[in-house]
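Worksheet: the structure to be examined is printed underneath.
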Amino acid sequence: MNELMIGTAVEGGAPVALDARRFNRHTFWCGQSGSGKTYALGVVLEQLLLRTRMPMLILDPNADFVRFGEPRAEVPAVVRDEIAGSDIRVFRSGAQGDGALHVRYVDLSPATKAAVLRLDPIRDAEEYNILLHLEGTPERFDTDELMRRLRASGDPMQERLAYRMENLQVLDWPLWSRGSGSVLDHVAERPRATVLDIGGGVYPAEGKVAALAVLEELWARREERKPMLIVIDEAHNLCPPDPTTGVERALTEQLIQIAAEGRKFGLWLFLSTQRPTKIHPNVLSQCDNLGLMRVNAPRDLAELGAVFGFAPEELVERSPEFAQGQALFAGGFVDRAAVVQVSARLTEEHGGDVRVPLREETENGLL
């Protein structure tokens with residue numbers, strides 16, 4: 001079955017479906033805070049889970065999808081069983097045991113290691129070159145032994161690299177698996193969905209480095225041509241128009257490459273964010289599917305109209321009037337552009353808005 005039933009048309013109430021086959025193109029999902037963007041994104045992902053066999057990688061900065069494998073109580077039993085029986089793996093920053101988000105430092109590319117250490121191949125040529133030739137294996141990598149070796153080398157540049165590592169506290173990150181399993185091993189097995197909670201690290205760059213490690217690995221294996229839908233919630237965190245740090249630049253460059261060339265290898269992006277102007281234009285311009293929820297800013301609507309010329313102008317201009325949970329779908333994954341009231345979720349959404357405490361309420365309920 002190719003149809004993904006995602007809601008009903010606002011005008012007329014007819015059921016609206018997306019064509020699952022057309023997710024072999026990049027998709028852009030947009031809506032300002034309070035529009036229901038993340039909730040509605042979950043509705044589409046649930047349908048992809050139930051109606052396709054396409055593996056999904058969900059990069060989740062706000063832990064909104066960590067309960068993606070938990071069906072709601074009111075869902076029909078047959079659907080509950082299908083969701084519960086799906087291979088959905090969740091990895092969280094700061095967690096312990098099998099659910100911990102870990103990658104191996106030695107698995108990172110030299111360029112990524114350099115970005116983590118804020119090394120420039122020209123400005124910091126000596127340190128960069130030493131980093132390129134550092135030996136280590138996943139089974140034997142020992143940070144304490146590495147630091148001792150660098151300091152005992154008698155080479156000022158190696159000692160300088162050791163100081164850099166220590167001062168930046170890079171080797172102390174809880175992200176590193178230190179010889180144990182890596183999330184890359186799980187992604188390589190192509191479960192139905194892999195959710196990476198990349199927002200809860202102790203150090204600010206941990207989540208971005210985890211995302212970069214996975215994206216690099218997928219790109220390195222692209223010739224295998226194994227399909228993967230790469231879902232990035234709050235995508236402006238990973239591919240901003242003006243990246244500032246080395247890690248952000250590396251992430252943005254990798255996503256630009258996937259956006260430009262990934263389709264033919266089965267690497268398809270599904271980007272969700274609040275404003276189109278917060279996404280690098282070389283990524284945004286490669287998207288052929290559009291899901292647009294409420295957006296008020298005239299500049300953003302003008303940008304959407306310019307990039308997504310296939311979306312009817314009169315429907316884009318109605319976006320500020322959309323109620324919560326309403327979205328314009330346009331592009332290859334829908335027969336014709338339509339404004340849709342998105343259906344209810346089948347799985348639990350983690351988080352959600354924090355309610356304003358009212359005066360007549362106590363911490364335990366109403367007075």
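Order determines the names: the first chain of the structure tokens is A, the second B, and so forth; residues in each chain are numbered 1 upward, and ligands are numbered 1 upward as they are shown.
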
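Near range 8-12 of chain A, within 10 Å and counting only C-alpha atoms, sit Met5, Pro15, Val16, Ala17, Phe322, Gln326, Ala327, Leu328, Ala338, Val339, Val340, Gln341, Val342 and Ser343 of chain A, not including residues fewer than 3 positions from it in the same chain.
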
>> Give me, as number ranges by chain, all polymer residues having an atom no more than 10 Å from range 247-257 of chain A, counting only C-alpha atoms and skipping those fewer than 2 positions away in the same chain.
In response: A: 111-118, 205-206, 208-209, 211-213, 215-216, 219, 236-245, 259-262, 269, 279-284, 286

>> For the strand (DSSP E or B) assignment from backbone DSSP, which residues of range 185-266 of chain A qualify? Please present them as number ranges by chain.
In response: A: 193-197, 228-232

> So which bits of range 169-321 of chain A end up alpha helix (DSSP H) when you DSSP the backbone, as a PyMOL selection string?
Replying inline: chain A and resi 183-188+206-220+246-261+281-284+298-307+313-316

>> Applying 12 Å and only C-alpha atoms, which residues near Glu314 in chain A remain after dropping the ones on its own chain fewer than 3 positions away? List them as a PyMOL selection string.
In response: chain A and resi 301-302+305+309-311+317-321+328+337-339

>> Give me the residues near range 71-76 of chain A as a PyMOL selection string, where near means some atom within 7 Å (using only C-alpha atoms) and where sequence neighbours in that chain fewer than 2 positions away do not count.
In response: chain A and resi 69+78-80+83-84+346-348

>> Calculated over only C-alpha atoms, which of the candidates A:Glu70, A:Asp81, A:Glu166, A:Asp87 has the smallest distance to Met54 in chain A?
In response: A:Asp87

> Pick from A:Arg151, A:Arg192, A:Lys278, A:Arg89: nearest to Leu50 in chain A, with only C-alpha atoms counted?
Replying inline: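 Distance minimum relative to Leu50 in chain A lands on A:Arg192.
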
> From the list A:Val44, A:Val195, A:Leu134, A:Ile258, which residue is nearest Ile88 in chain A when using only C-alpha atoms?
Replying inline: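 The shortest atom-to-atom distance to Ile88 in chain A comes from A:Val195.
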